[in-house]
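Participant: Please find one structure pasted underneath; my questions will follow.
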Amino acid sequence: MRDQNTGEWLEPSEGIDLSTEDGRLFKKEPAINVISKEDFEIRVEKVFNLLWKTLAKSFGPYGAPTLICNYPWRHMTKDGFTIMKNLSFDASETKVDQAISDMAQEICGRLNYSVGDGTTSAIIATNSIYQNYRSKKNELNDKFILPRDIISKYEVIKNKIIEELSKYAKPIQTKNVDELYENIKNVVYISSNANELITQYIAELYKELGAPAISCIKAPDGITKKKLINGYRYELSLADRLYINTDENTMDLSEADVIIFGTKVGESTYKKLLKPLSFESKMRGRHLIVCAPTYDEIALNTVIAPELNAEWRKDHNVNMILMRYRAISSHTRKLINDFSILMDTDVIDRAKEKYIIDKLDSGVPIHQLVQMDTRHIVGTKCIAIKRVGENDSASVTYVYGVDNIKGYTPLEEYYTEDENALHLGYTRSCSLGLTYSQFMDLNYDQRRYDAVLAEAEVLLKEAEQKYQKLGTFNVEVNQCQERLYALKLKMGIIEVGADSEVSQGMLKDAVDDAVKAAESAYKYGTILGCNTNLIQSIREVLNGSDNTTDRLLLEILYNGFKDVYKTVLLNAFPDYKFDTNTATLEKEIKHFVDDHFGNFDEIFEDNSLVSEVIELCDTGEFISLHDFIVEYSLLDGRVFDISKFRFSNDVINSLQTDSEILTATIDLISLLIVGNQMVVTQRPNM
């Protein structure tokens with residue numbers, strides 16, 4: 001550094017007062033991208049409070065739907081997880097808020113994936129529990145309990161609570177379809193926020209199916225309806241509207257042969273194989289369905305389409321039906337393999353196609369290269385195989401079919417088949433559409449079918465375990481599930497329609513969640529809704545514990561889940577405070593209920609519980625109406641149905657739902673209280 005007067009270089013300590021601002025080498029104290037534990041906890045509390053305020057507004061039957069807009073797209077929903085994953089925090093000052101929200105979203109993703117519900121419950125509970133935890137920190141510190149020890153204790157406590165909760169579960173699986181209908185109806189009515197149409201559709205499908213095998217799609221015509229699919233439903237589409245012969249934009253056929261290609265179909269294959277094969281099918285009274293991922297555009301436009309159009313103009317019928325399927329992924333390739341097995345044929349690859357064409361070019365009859373009359377399908381029209389005497393035509397024995405084809409010689413020699421002959425597929429009845437096609441009354445090899453069904457069950461189980469662990473939604477699970485349902489050859493479809501895309505999206509969210517809730521209840525049984533049995537289970541573990549630390553932690557959980565119940569009530573009607581210093585407190589509560597909600601004695605049927613409830617709710621200054629309802633519900637063992645203003649046993653959800661909500665809440669609390677500090681990376685400056 002130079003002397004300002006002489007210009008000479010000075011030693012760092014010469015001529016400069018380092019205690020002044022001008023003399024300091026650094027004008028700021030060192031800073032690092034670490035947020036202290038104290039600051040982090042305060043920020044977490046603020047972020048969770050914002051999440052709670054946002055999600056709580058949509059909670060319960062009387063929660064308001066949220067409009068999610070990402071111009072020009074918009075979507076309206078009451079689904080807590082859908083709302084949560086679209087929330088973002090202001091990053092102009094810090095990325096910490098979004099990081100906290102993302103941690104919560106990841107855990108809630110696992111919850112929503114498992115049961116399709118519970119995100120809002122978990123956030124409300126976590127927010128309340130965390131605030132309770134912060135208020136009790138001094139008590140916990142006095143007991144020298146470290147945060148990681150708290151989490152270890154909570155893991156043990158969680159298992160005890162779930163064990164108690166399981167005792168409340170009521171199985172709903174039954175062979176009595178009417179009873180199953182009522183059980184599913186009760187679950188879906190609550191899950192769908194009292195949507196009677198969706199409740200009816202899902203319950204009716206369970207009655208018809210006897211098990212969870214329901215998928216939900218958006219209705220292309222905008223009309224909500226349910227369908228029971230008997231047979232195999234596959235994303236196989238007509239190549240041209242020319243084939244349509246019904247008002248439903250489908251082509252319905254009574255009998256058809258099926259040939260499937262794994263590669264593009266060109267002009268040579270059409271002329272040498274498909275045209276003569278279609279003629280043979282037509283002679284036997286059947287259409288020929290040709291399935292391929294794509295067709296050569298030049299051949300299609302210059303040869304195939306003109307010939308098929310000419311046939312239609314002449315006969316008002318086309319015997320060869322061209323269809324397309326997708327083969328762009330391993331999943332879609334599995335589907336075409338499934339379809340080939342159900343049609344009892346094979347997918348023709350390039351080598352097989354070349355082999356057949358070369359044989360045809362060498363003069364081998366098509367009957368020797370493609371099995372049409374020796375497929376063991378009873379009732380199909382085919383050529384007689386046994387030699388027939390000149391005078392025995394009246395008593396011909398047809399080995400596989402019902403009739404002889406004129407113009408063919410029924411000799412055994414005629415059926416000397418090539419060792420690599422293609423086993424042609426067959427469907428007795430089908431409905432071919434522009435998007436999906438349905439195949440009924442199938443003839444397939446049982447061993448091949450059993451093998452592919454077992455594989456589908458294994459893949460679904462693996463996908464569910466994989467993504468439940470990751471806590472993310474993935475199309476793989478839905479694909480595996482739909483594949484398995486389709487292979488079982490009986491499934492339900494709910495097509496969701498509405499007047500607008502916004503309404504349709506909102507309704508589809510509700511139906512998806514209701515379908516998952518019904519399946520979870522079917523598998524795991526039901527318990528009382530509004531976390532009633534869960535709160536009771538926490539109380540039972542609390543009452544059975546002598547450890548003061550465990551009791552303190554259980555009280556935090558107990559109050560947190562009571563807040564979830566009270567949030568449902570708050571969205572339906574405002575709370576009211578009763579002064580505890582009033583001598584006629586019980587009468588005032590009864591008069592208030594009579595004036596605002598109906599007859600007190602009809603709502604609170606067991607009057608013997610009232611004085612005990614008042615004692616439990618007495619905080620010293622006032623009694624909350626919501627607290628009064630919740631405490632009565634816990635003692636009475638029924639849920640307050642806000643749609644009817646009555647306590648009921650019909651407000652239920654699956655055991656798995658509350659178990660997963662408890663697990664998610666413990667996981668969230670673990671994230672919030674264990675860490676000592678937070679490091680925020682990728683920040684250019686402080």
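In the structure tokens, each chain is lettered A, B, ... as it comes, each chain's residues begin at 1, and ligands are numbered from 1 in order of appearance.
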Mind checking which residues fall within 6 Å of stretch 571-580 of chain A, counting only C-alpha atoms, ignoring those fewer than 4 positions away in the same chain, and posting them as a ChimeraX atom specification?

Facilitator: /A:62-63,621-626

Participant: Do a neighbour search on A:Ile336 at 10 Å with only C-alpha atoms, toss out local chain neighbours closer than 4 positions, and write the hits as a VMD selection string.

Facilitator: chain A and resid 234 to 236 260 to 262 291 to 293 325 to 327 331 to 332 340 to 342 346 to 347

Participant: Take the residues that were just selected and, keeping all heavy atoms, output them as a short mmCIF file (atom, residue, chain, number, x, y, z; two decimals), in the first residue's frame.

Facilitator:
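Below is the file result10.cif, written as the result:
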data_model
loop_
_atom_site.label_atom_id
_atom_site.label_comp_id
_atom_site.auth_asym_id
_atom_site.auth_seq_id
_atom_site.Cartn_x
_atom_site.Cartn_y
_atom_site.Cartn_z
N TYR A 234 -58.07 -53.11 -25.62
CA TYR A 234 -56.70 -52.83 -26.04
C TYR A 234 -56.69 -51.58 -26.92
O TYR A 234 -57.61 -51.32 -27.68
CB TYR A 234 -56.13 -54.04 -26.79
CG TYR A 234 -54.74 -53.85 -27.35
CD1 TYR A 234 -53.72 -53.30 -26.58
CD2 TYR A 234 -54.44 -54.23 -28.65
CE1 TYR A 234 -52.46 -53.13 -27.09
CE2 TYR A 234 -53.17 -54.08 -29.18
CZ TYR A 234 -52.18 -53.52 -28.39
OH TYR A 234 -50.92 -53.35 -28.89
N GLU A 235 -55.61 -50.82 -26.82
CA GLU A 235 -55.47 -49.58 -27.58
C GLU A 235 -55.07 -49.89 -29.02
O GLU A 235 -53.98 -49.58 -29.48
CB GLU A 235 -54.44 -48.67 -26.91
CG GLU A 235 -54.53 -47.23 -27.32
CD GLU A 235 -53.66 -46.32 -26.48
OE1 GLU A 235 -53.20 -46.77 -25.42
OE2 GLU A 235 -53.44 -45.18 -26.89
N LEU A 236 -56.01 -50.49 -29.73
CA LEU A 236 -55.84 -50.86 -31.13
C LEU A 236 -56.88 -50.05 -31.92
O LEU A 236 -58.07 -50.09 -31.61
CB LEU A 236 -56.09 -52.35 -31.30
CG LEU A 236 -55.80 -52.99 -32.66
CD1 LEU A 236 -54.31 -53.00 -32.93
CD2 LEU A 236 -56.35 -54.41 -32.70
N ILE A 260 -50.93 -60.40 -36.81
CA ILE A 260 -50.24 -59.29 -36.14
C ILE A 260 -48.81 -59.19 -36.65
O ILE A 260 -48.07 -60.18 -36.66
CB ILE A 260 -50.23 -59.50 -34.62
CG1 ILE A 260 -51.65 -59.72 -34.09
CG2 ILE A 260 -49.58 -58.31 -33.91
CD1 ILE A 260 -51.71 -60.12 -32.62
N PHE A 261 -48.43 -57.98 -37.04
CA PHE A 261 -47.07 -57.71 -37.49
C PHE A 261 -46.36 -56.84 -36.46
O PHE A 261 -46.96 -55.94 -35.87
CB PHE A 261 -47.08 -56.99 -38.84
CG PHE A 261 -47.56 -57.83 -39.98
CD1 PHE A 261 -48.92 -57.88 -40.29
CD2 PHE A 261 -46.67 -58.58 -40.74
CE1 PHE A 261 -49.38 -58.66 -41.34
CE2 PHE A 261 -47.12 -59.37 -41.80
CZ PHE A 261 -48.48 -59.42 -42.09
N GLY A 262 -45.07 -57.12 -36.28
CA GLY A 262 -44.28 -56.31 -35.37
C GLY A 262 -43.55 -55.19 -36.07
O GLY A 262 -42.93 -54.35 -35.42
N CYS A 291 -53.13 -56.21 -37.90
CA CYS A 291 -52.62 -55.30 -36.87
C CYS A 291 -51.15 -55.02 -37.14
O CYS A 291 -50.35 -55.96 -37.28
CB CYS A 291 -52.77 -55.90 -35.48
SG CYS A 291 -54.44 -56.50 -35.12
N ALA A 292 -50.79 -53.76 -37.19
CA ALA A 292 -49.40 -53.39 -37.44
C ALA A 292 -49.13 -52.03 -36.79
O ALA A 292 -50.04 -51.21 -36.65
CB ALA A 292 -49.11 -53.33 -38.93
N PRO A 293 -47.88 -51.75 -36.41
CA PRO A 293 -47.57 -50.43 -35.84
C PRO A 293 -47.69 -49.32 -36.88
O PRO A 293 -48.04 -48.19 -36.55
CB PRO A 293 -46.13 -50.58 -35.33
CG PRO A 293 -45.56 -51.71 -36.10
CD PRO A 293 -46.70 -52.63 -36.39
N TYR A 325 -51.44 -50.07 -33.87
CA TYR A 325 -51.17 -50.06 -32.44
C TYR A 325 -49.85 -49.36 -32.21
O TYR A 325 -49.04 -49.20 -33.13
CB TYR A 325 -51.14 -51.48 -31.86
CG TYR A 325 -49.98 -52.33 -32.36
CD1 TYR A 325 -48.74 -52.31 -31.73
CD2 TYR A 325 -50.14 -53.19 -33.47
CE1 TYR A 325 -47.69 -53.09 -32.19
CE2 TYR A 325 -49.10 -53.96 -33.92
CZ TYR A 325 -47.87 -53.92 -33.28
OH TYR A 325 -46.82 -54.68 -33.73
N ARG A 326 -49.63 -48.93 -30.98
CA ARG A 326 -48.37 -48.26 -30.63
C ARG A 326 -47.35 -49.29 -30.15
O ARG A 326 -47.68 -50.16 -29.35
CB ARG A 326 -48.59 -47.21 -29.55
CG ARG A 326 -49.44 -46.03 -30.02
CD ARG A 326 -49.45 -44.93 -28.98
NE ARG A 326 -49.94 -45.41 -27.70
CZ ARG A 326 -49.78 -44.77 -26.54
NH1 ARG A 326 -49.10 -43.64 -26.51
NH2 ARG A 326 -50.28 -45.26 -25.41
N ALA A 327 -46.12 -49.14 -30.59
CA ALA A 327 -45.03 -50.02 -30.14
C ALA A 327 -43.78 -49.17 -29.95
O ALA A 327 -42.75 -49.39 -30.58
CB ALA A 327 -44.78 -51.13 -31.14
N HIS A 331 -43.38 -51.12 -22.50
CA HIS A 331 -44.74 -51.38 -22.04
C HIS A 331 -45.67 -51.67 -23.21
O HIS A 331 -46.44 -52.64 -23.17
CB HIS A 331 -45.27 -50.18 -21.24
CG HIS A 331 -46.71 -50.30 -20.87
ND1 HIS A 331 -47.18 -51.21 -19.95
CD2 HIS A 331 -47.80 -49.63 -21.34
CE1 HIS A 331 -48.49 -51.09 -19.85
NE2 HIS A 331 -48.89 -50.15 -20.67
N THR A 332 -45.64 -50.86 -24.24
CA THR A 332 -46.53 -51.08 -25.39
C THR A 332 -46.18 -52.36 -26.13
O THR A 332 -47.05 -53.01 -26.70
CB THR A 332 -46.49 -49.88 -26.36
OG1 THR A 332 -45.12 -49.59 -26.71
CG2 THR A 332 -47.10 -48.65 -25.72
N SER A 340 -51.46 -60.79 -28.62
CA SER A 340 -51.19 -61.94 -29.49
C SER A 340 -51.49 -63.26 -28.76
O SER A 340 -52.00 -64.21 -29.35
CB SER A 340 -49.74 -61.93 -29.97
OG SER A 340 -48.83 -62.22 -28.92
N ILE A 341 -51.19 -63.31 -27.46
CA ILE A 341 -51.46 -64.52 -26.68
C ILE A 341 -52.96 -64.74 -26.55
O ILE A 341 -53.45 -65.87 -26.69
CB ILE A 341 -50.79 -64.41 -25.29
CG1 ILE A 341 -49.27 -64.52 -25.44
CG2 ILE A 341 -51.31 -65.49 -24.34
CD1 ILE A 341 -48.49 -64.23 -24.19
N LEU A 342 -53.72 -63.68 -26.31
CA LEU A 342 -55.17 -63.81 -26.19
C LEU A 342 -55.83 -64.14 -27.52
O LEU A 342 -56.90 -64.76 -27.56
CB LEU A 342 -55.76 -62.53 -25.60
CG LEU A 342 -55.39 -62.27 -24.14
CD1 LEU A 342 -55.78 -60.86 -23.72
CD2 LEU A 342 -56.05 -63.29 -23.23
N ASP A 346 -48.94 -65.35 -32.92
CA ASP A 346 -47.64 -64.77 -32.62
C ASP A 346 -47.47 -63.47 -33.39
O ASP A 346 -48.09 -63.27 -34.44
CB ASP A 346 -46.50 -65.73 -33.00
CG ASP A 346 -46.54 -67.03 -32.21
OD1 ASP A 346 -46.55 -66.96 -30.97
OD2 ASP A 346 -46.59 -68.10 -32.85
N VAL A 347 -46.63 -62.59 -32.85
CA VAL A 347 -46.30 -61.36 -33.56
C VAL A 347 -45.26 -61.68 -34.62
O VAL A 347 -44.20 -62.25 -34.32
CB VAL A 347 -45.77 -60.29 -32.59
CG1 VAL A 347 -45.41 -59.02 -33.35
CG2 VAL A 347 -46.80 -59.99 -31.50
#

Participant: For each of A:Phe645, A:Tyr130, A:Tyr355, A:Tyr444, take the minimum atom-to-atom distance to A:Phe600, counting only C-alpha atoms, then give the residue where this is smallest.

Facilitator: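 Among the listed residues, the smallest separation from A:Phe600 belongs to A:Phe645.
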
Participant: Identify all residues of stretch 438-520 of chain A in helix (DSSP H, G or I) (DSSP on the backbone) and supply them as number ranges by chain.

Facilitator: A: 446-470, 475-487, 501-520

Participant: Show which residues sit within 7 Å of stretch 456-466 of chain A, as a compact mmCIF listing (two decimals) with all heavy atoms, in the first residue's frame. Count only C-alpha atoms, and ignore same-chain residues fewer than 4 positions away.

Facilitator:
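Listed below is the output, selection.txt:
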# COMPACT_ATOMS: atom_id res chain seq x y z
N VAL A 452 -48.39 -65.25 -18.69
CA VAL A 452 -48.33 -63.80 -18.86
C VAL A 452 -49.10 -63.09 -17.75
O VAL A 452 -48.73 -62.00 -17.32
CB VAL A 452 -48.86 -63.40 -20.26
CG1 VAL A 452 -50.38 -63.47 -20.35
CG2 VAL A 452 -48.40 -61.99 -20.63
N LEU A 470 -40.11 -44.60 -3.19
CA LEU A 470 -39.61 -43.32 -3.70
C LEU A 470 -40.56 -42.18 -3.36
O LEU A 470 -40.16 -41.03 -3.26
CB LEU A 470 -39.43 -43.40 -5.22
CG LEU A 470 -38.32 -44.32 -5.73
CD1 LEU A 470 -38.34 -44.38 -7.25
CD2 LEU A 470 -36.96 -43.82 -5.25
N GLU A 476 -45.60 -45.76 -14.71
CA GLU A 476 -45.32 -47.20 -14.76
C GLU A 476 -46.31 -48.00 -13.92
O GLU A 476 -46.77 -49.06 -14.32
CB GLU A 476 -43.89 -47.46 -14.28
CG GLU A 476 -43.50 -48.94 -14.31
CD GLU A 476 -42.12 -49.20 -13.76
OE1 GLU A 476 -41.32 -48.24 -13.66
OE2 GLU A 476 -41.83 -50.36 -13.43
N VAL A 477 -46.65 -47.48 -12.74
CA VAL A 477 -47.58 -48.20 -11.86
C VAL A 477 -48.95 -48.27 -12.50
O VAL A 477 -49.59 -49.33 -12.53
CB VAL A 477 -47.66 -47.51 -10.49
CG1 VAL A 477 -48.69 -48.23 -9.62
CG2 VAL A 477 -46.31 -47.54 -9.81
N CYS A 480 -48.89 -50.78 -15.31
CA CYS A 480 -48.89 -52.17 -14.82
C CYS A 480 -50.26 -52.57 -14.29
O CYS A 480 -50.72 -53.69 -14.51
CB CYS A 480 -47.84 -52.33 -13.72
SG CYS A 480 -46.13 -52.26 -14.30
N GLN A 481 -50.91 -51.65 -13.60
CA GLN A 481 -52.21 -51.94 -13.03
C GLN A 481 -53.24 -52.16 -14.13
O GLN A 481 -54.01 -53.12 -14.11
CB GLN A 481 -52.64 -50.80 -12.11
CG GLN A 481 -53.85 -51.13 -11.26
CD GLN A 481 -54.11 -50.03 -10.25
OE1 GLN A 481 -54.29 -48.87 -10.60
NE2 GLN A 481 -54.15 -50.39 -8.98
N LEU A 484 -52.73 -55.47 -15.90
CA LEU A 484 -53.22 -56.62 -15.14
C LEU A 484 -54.74 -56.70 -15.20
O LEU A 484 -55.31 -57.78 -15.41
CB LEU A 484 -52.75 -56.54 -13.69
CG LEU A 484 -53.20 -57.68 -12.78
CD1 LEU A 484 -52.71 -59.03 -13.29
CD2 LEU A 484 -52.72 -57.45 -11.35

Participant: Contacts of A:Ser254 at 10 Å or less, counting only C-alpha atoms, minus same-chain residues fewer than 2 places along, as a ChimeraX atom specification?

Facilitator: /A:252,256,285-287,427-431,440

Participant: Given only C-alpha atoms as the basis, pick out the residue of A:Asp296, A:Leu672, A:Ala583, A:Ile666 nearest to A:Arg134.

Facilitator: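 Answer, going by the shortest atom-to-atom distance: A:Leu672.
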
Participant: What is the distance between atom CA of A:Leu507 and atom CA of A:Asn70, in Å to one decimal?

Facilitator: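 Here the two named atoms are 18.7 Å from each other.
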
Participant: For A:Trp52, list every protein, DNA or RNA residue within 8 Å, evaluated using only C-alpha atoms, and leave out those in the same chain fewer than 4 positions away; present the list as a count of residues only.

Facilitator: 6

Participant: Got a sec: who's within 7 Å of A:Ile217, counting only C-alpha atoms, leaving out chain neighbours fewer than 5 positions off, as a ChimeraX atom specification?

Facilitator: /A:494-496

Participant: Using the selection just defined, write its residues with N, CA and C atoms as a compact mmCIF listing (two decimals), in the first residue's frame.

Facilitator:
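Resulting contents of selection38.txt:
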# COMPACT_ATOMS: atom_id res chain seq x y z
N ILE A 494 -64.58 -45.88 -15.71
CA ILE A 494 -65.40 -44.70 -15.47
C ILE A 494 -64.87 -43.59 -16.37
N GLU A 495 -65.72 -43.17 -17.29
CA GLU A 495 -65.38 -42.06 -18.17
C GLU A 495 -65.93 -40.79 -17.55
N VAL A 496 -65.03 -39.86 -17.25
CA VAL A 496 -65.40 -38.64 -16.55
C VAL A 496 -65.63 -37.52 -17.56

Participant: Please indicate the distance in Å from atom CA of A:Ile68 to atom CA of A:Thr94, rounded to one decimal place.

Facilitator: 24.1 Å

Participant: Provide the atom CA of A:Ser128 to atom CA of A:Asp658 distance in Å, to one decimal place.

Facilitator: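 Calculated distance between atom CA of A:Ser128 and atom CA of A:Asp658 is 16.8 Å.
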
Participant: Which polymer residues have any atom within 6 Å of an atom of stretch 367-374 of chain A, counting only C-alpha atoms, with same-chain residues fewer than 6 positions away left out, as a PyMOL selection string?

Facilitator: chain A and resi 382+417-418+421-424
